[in-house]
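Here's the structure, in structure tokens; my notes come after.
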Amino acid sequence: MVSISPDVPDWKREECRRIWDPSRRLLKSIRSYQSCKAKNSLSAKIISKWFVLCHRFWSVITGADIPLNCNLGGGLLIPHPNGIIIHPSAEIGPNCLIFQQVTIVGKVKIGGHVDIGAGAKLIKPVSIGNHARIGANAVVIKDVAPNETVATAPATSLLSNYEAKAG
């Protein structure tokens with residue numbers, strides 16, 4: 001089994017694979033804008049305005065609210081970006097997977113290779129460990145340990161529920 005690294009971004013996951021690839025084009029516009037802003041030259045400032053327009057276009061097409069100044073780790077996958085909302089102060093680690101209708105509020109710190117199911121809400125300043133899995137429609141209001149799977153509203157550990165029934 002191939003393990004996905006929680007520390008080293010797999011940039012191939014974000015490469016545009018065809019002309020119409022809205023989620024990857026949105027990420028590309030964000031990455032390109034951030035790269036231009038870091039250069040701090042006159043030409044980079046002019047080119048960054050083009051990437052702002054690209055970002056606005058792809059944001060409308062995808063229906064996602066991912067700001068240009070957000071902190072996204074490399075290798076992010078958003079296969080169905082519709083309705084994704086990410087606060088600019090949230091930190092997302094490398095190689096994460098985020099499905100549609102996910103809301104991530106400010107001061108949330110997400111580790112590497114975290115899978116977030118459709119409709120999940122991270123609504124408090126929480127920390128999500130590496131390789132964690134958040135189930136669809138989960139409402140996360142507490143920290144999630146590495147390799148833990150949480151589901152339901154409010155999110156509870158599935159491992160804890162299983163151990164309680166077994167014991």
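The chains in the structure tokens are called A, B, ... from first to last as shown; in each chain the residues are counted from 1, and the ligands are counted from 1 in the order shown.
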Quiz item: Which parts of region 10-129 of chain A does DSSP call helix (DSSP H, G or I) when run on the backbone here, written out as a ChimeraX atom specification?
Solution: /A:11-14,22-39,42-62
Self-check item: Residue list (strand (DSSP E), DSSP) for chain A, as a list in words
Solution: Asn71, Leu72, Ile85, Ile86, Glu91, Ile92, Leu97, Ile98, Thr103, Ile104, Lys109, Ile110, Asp115, Ile116, Lys121, Leu122, Ser127, Ile128, Arg133, Ile134, Val139, Val140, Thr149, Val150, Ala151, Thr156 and Ser157 of chain A
How would the residues just chosen look if you wrote them out with N, CA and C atoms as a PDB file, in the first residue's frame?
ATOM      1  N   ASN A  71      -3.603  29.888   3.634  1.00  0.00           N
ATOM      2  CA  ASN A  71      -2.413  29.060   3.815  1.00  0.00           C
ATOM      3  C   ASN A  71      -2.754  27.610   3.469  1.00  0.00           C
ATOM      4  N   LEU A  72      -2.520  27.234   2.219  1.00  0.00           N
ATOM      5  CA  LEU A  72      -2.834  25.884   1.739  1.00  0.00           C
ATOM      6  C   LEU A  72      -1.547  25.111   1.513  1.00  0.00           C
ATOM      7  N   ILE A  85     -15.815  26.644   1.857  1.00  0.00           N
ATOM      8  CA  ILE A  85     -15.489  27.936   2.446  1.00  0.00           C
ATOM      9  C   ILE A  85     -14.300  27.735   3.383  1.00  0.00           C
ATOM     10  N   ILE A  86     -13.232  28.481   3.133  1.00  0.00           N
ATOM     11  CA  ILE A  86     -12.040  28.392   3.968  1.00  0.00           C
ATOM     12  C   ILE A  86     -11.683  29.795   4.434  1.00  0.00           C
ATOM     13  N   GLU A  91      -5.088  27.048   8.514  1.00  0.00           N
ATOM     14  CA  GLU A  91      -3.885  26.441   7.947  1.00  0.00           C
ATOM     15  C   GLU A  91      -4.202  25.011   7.531  1.00  0.00           C
ATOM     16  N   ILE A  92      -3.931  24.702   6.273  1.00  0.00           N
ATOM     17  CA  ILE A  92      -4.208  23.363   5.755  1.00  0.00           C
ATOM     18  C   ILE A  92      -2.887  22.740   5.345  1.00  0.00           C
ATOM     19  N   LEU A  97      -7.428  16.261   1.348  1.00  0.00           N
ATOM     20  CA  LEU A  97      -8.541  16.034   0.442  1.00  0.00           C
ATOM     21  C   LEU A  97      -9.772  16.672   1.067  1.00  0.00           C
ATOM     22  N   ILE A  98     -10.388  17.625   0.364  1.00  0.00           N
ATOM     23  CA  ILE A  98     -11.565  18.319   0.883  1.00  0.00           C
ATOM     24  C   ILE A  98     -12.689  18.180  -0.130  1.00  0.00           C
ATOM     25  N   THR A 103     -16.942  23.711   5.439  1.00  0.00           N
ATOM     26  CA  THR A 103     -16.677  25.031   5.999  1.00  0.00           C
ATOM     27  C   THR A 103     -15.563  24.916   7.023  1.00  0.00           C
ATOM     28  N   ILE A 104     -14.530  25.733   6.848  1.00  0.00           N
ATOM     29  CA  ILE A 104     -13.394  25.753   7.766  1.00  0.00           C
ATOM     30  C   ILE A 104     -13.230  27.187   8.254  1.00  0.00           C
ATOM     31  N   LYS A 109      -6.180  24.478  12.431  1.00  0.00           N
ATOM     32  CA  LYS A 109      -4.903  23.962  11.935  1.00  0.00           C
ATOM     33  C   LYS A 109      -5.109  22.505  11.544  1.00  0.00           C
ATOM     34  N   ILE A 110      -4.985  22.241  10.255  1.00  0.00           N
ATOM     35  CA  ILE A 110      -5.205  20.901   9.726  1.00  0.00           C
ATOM     36  C   ILE A 110      -3.852  20.316   9.351  1.00  0.00           C
ATOM     37  N   ASP A 115      -8.365  13.782   5.297  1.00  0.00           N
ATOM     38  CA  ASP A 115      -9.510  13.681   4.395  1.00  0.00           C
ATOM     39  C   ASP A 115     -10.720  14.262   5.102  1.00  0.00           C
ATOM     40  N   ILE A 116     -11.386  15.232   4.447  1.00  0.00           N
ATOM     41  CA  ILE A 116     -12.557  15.888   5.029  1.00  0.00           C
ATOM     42  C   ILE A 116     -13.744  15.606   4.126  1.00  0.00           C
ATOM     43  N   LYS A 121     -18.123  20.513   8.907  1.00  0.00           N
ATOM     44  CA  LYS A 121     -17.954  21.879   9.404  1.00  0.00           C
ATOM     45  C   LYS A 121     -16.936  21.865  10.528  1.00  0.00           C
ATOM     46  N   LEU A 122     -15.879  22.645  10.374  1.00  0.00           N
ATOM     47  CA  LEU A 122     -14.882  22.831  11.427  1.00  0.00           C
ATOM     48  C   LEU A 122     -15.128  24.231  11.951  1.00  0.00           C
ATOM     49  N   SER A 127      -7.447  21.745  16.185  1.00  0.00           N
ATOM     50  CA  SER A 127      -6.270  21.195  15.540  1.00  0.00           C
ATOM     51  C   SER A 127      -6.596  19.777  15.084  1.00  0.00           C
ATOM     52  N   ILE A 128      -6.301  19.487  13.829  1.00  0.00           N
ATOM     53  CA  ILE A 128      -6.577  18.174  13.252  1.00  0.00           C
ATOM     54  C   ILE A 128      -5.232  17.510  12.983  1.00  0.00           C
ATOM     55  N   ARG A 133      -9.316  11.484   9.513  1.00  0.00           N
ATOM     56  CA  ARG A 133     -10.423  11.437   8.579  1.00  0.00           C
ATOM     57  C   ARG A 133     -11.641  12.034   9.266  1.00  0.00           C
ATOM     58  N   ILE A 134     -12.286  12.973   8.583  1.00  0.00           N
ATOM     59  CA  ILE A 134     -13.484  13.610   9.113  1.00  0.00           C
ATOM     60  C   ILE A 134     -14.630  13.201   8.216  1.00  0.00           C
ATOM     61  N   VAL A 139     -19.558  17.751  12.498  1.00  0.00           N
ATOM     62  CA  VAL A 139     -19.356  19.092  13.042  1.00  0.00           C
ATOM     63  C   VAL A 139     -18.240  18.966  14.069  1.00  0.00           C
ATOM     64  N   VAL A 140     -17.071  19.488  13.726  1.00  0.00           N
ATOM     65  CA  VAL A 140     -15.883  19.322  14.560  1.00  0.00           C
ATOM     66  C   VAL A 140     -15.747  20.523  15.486  1.00  0.00           C
ATOM     67  N   THR A 149     -10.534   8.850  13.177  1.00  0.00           N
ATOM     68  CA  THR A 149     -11.681   9.073  12.309  1.00  0.00           C
ATOM     69  C   THR A 149     -12.816   9.592  13.160  1.00  0.00           C
ATOM     70  N   VAL A 150     -13.388  10.734  12.778  1.00  0.00           N
ATOM     71  CA  VAL A 150     -14.515  11.299  13.516  1.00  0.00           C
ATOM     72  C   VAL A 150     -15.707  11.447  12.581  1.00  0.00           C
ATOM     73  N   ALA A 151     -16.886  11.358  13.166  1.00  0.00           N
ATOM     74  CA  ALA A 151     -18.113  11.512  12.389  1.00  0.00           C
ATOM     75  C   ALA A 151     -19.227  11.992  13.306  1.00  0.00           C
ATOM     76  N   THR A 156     -17.526  12.796  16.922  1.00  0.00           N
ATOM     77  CA  THR A 156     -17.002  11.895  17.943  1.00  0.00           C
ATOM     78  C   THR A 156     -16.136  10.851  17.263  1.00  0.00           C
ATOM     79  N   SER A 157     -15.172  10.337  18.014  1.00  0.00           N
ATOM     80  CA  SER A 157     -14.261   9.362  17.460  1.00  0.00           C
ATOM     81  C   SER A 157     -14.975   8.044  17.219  1.00  0.00           C
TER      82      SER A 157
END
Exercise. Just the residues within 7 Å of Gly119 (chain A), please, counting only C-alpha atoms, with nothing from its chain fewer than 4 positions along; format it as number ranges by chain.
Key: A: 100-102, 136-137
Next, dump the selected residues to file, keeping only N, CA, C and O atoms, as an mmCIF file, in the first residue's frame.
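Wrote it out as again_18.cif, contents follow:
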data_model
loop_
_atom_site.group_PDB
_atom_site.id
_atom_site.type_symbol
_atom_site.label_atom_id
_atom_site.label_comp_id
_atom_site.auth_asym_id
_atom_site.auth_seq_id
_atom_site.Cartn_x
_atom_site.Cartn_y
_atom_site.Cartn_z
ATOM 1 N N GLN A 100 -16.996 18.653 -1.198
ATOM 2 C CA GLN A 100 -17.893 19.785 -1.351
ATOM 3 C C GLN A 100 -18.596 20.173 -0.043
ATOM 4 O O GLN A 100 -18.752 19.370 0.858
ATOM 5 N N GLN A 101 -19.002 21.449 0.006
ATOM 6 C CA GLN A 101 -19.795 22.027 1.090
ATOM 7 C C GLN A 101 -19.090 22.013 2.444
ATOM 8 O O GLN A 101 -19.733 22.023 3.489
ATOM 9 N N VAL A 102 -17.776 21.998 2.463
ATOM 10 C CA VAL A 102 -17.002 22.006 3.711
ATOM 11 C C VAL A 102 -16.781 23.453 4.139
ATOM 12 O O VAL A 102 -16.464 24.308 3.311
ATOM 13 N N ALA A 136 -18.473 12.692 6.516
ATOM 14 C CA ALA A 136 -19.419 13.605 5.883
ATOM 15 C C ALA A 136 -20.379 14.168 6.925
ATOM 16 O O ALA A 136 -20.848 13.462 7.820
ATOM 17 N N ASN A 137 -20.640 15.459 6.820
ATOM 18 C CA ASN A 137 -21.559 16.197 7.687
ATOM 19 C C ASN A 137 -21.156 16.223 9.155
ATOM 20 O O ASN A 137 -21.974 16.540 10.009
#
Using only C-alpha atoms, find each residue in region 80-157 of chain A having at least one atom no more than 12 Å away from region 25-37 of chain A; report its shortest atom-to-atom pair and that distance in Å (one decimal), rows by chain then rising number, as JSON lines.
{"residue": "A:His80", "atom": "CA", "partner": "A:Leu26", "partner_atom": "CA", "distance": 11.7}
{"residue": "A:Pro81", "atom": "CA", "partner": "A:Leu26", "partner_atom": "CA", "distance": 9.2}
{"residue": "A:Asn82", "atom": "CA", "partner": "A:Leu26", "partner_atom": "CA", "distance": 11.6}
{"residue": "A:Ile84", "atom": "CA", "partner": "A:Leu26", "partner_atom": "CA", "distance": 12.0}
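With CA of Phe57 (chain A) on one side and CA of Leu77 (chain A) on the other, the separation reads 19.0 Å.
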Exercise. Write out as a PyMOL selection string the residues lying within 7 Å of region 143-146 of chain A, counting only C-alpha atoms and excluding same-chain residues fewer than 5 positions away.
Key: chain A and resi 126-132
Please, which residues in region 22-80 of chain A fall within 10 Å of region 8-11 of chain A when counting only C-alpha atoms, and what is the closest atom pair and distance in Å to one decimal for each, ordered by chain then residue number, as JSON lines?
{"residue": "A:Gly73", "atom": "CA", "partner": "A:Pro9", "partner_atom": "CA", "distance": 7.0}
{"residue": "A:Gly74", "atom": "CA", "partner": "A:Pro9", "partner_atom": "CA", "distance": 4.7}
{"residue": "A:Gly75", "atom": "CA", "partner": "A:Asp10", "partner_atom": "CA", "distance": 4.7}
{"residue": "A:Leu76", "atom": "CA", "partner": "A:Trp11", "partner_atom": "CA", "distance": 8.3}
Practice problem: Please indicate the distance in Å from CA of Ile61 (chain A) to CA of Pro22 (chain A), rounded to one decimal place. | Solution: 7.1 Å
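Reported to one decimal place, the separation of CA of Ala90 (chain A) from CA of Val108 (chain A) is 4.8 Å.
Comparing A:Arg17, A:His87, A:Ser23, A:Lys45 by their smallest distance to Trp58 (chain A), the closest is A:Ser23 (using only C-alpha atoms).
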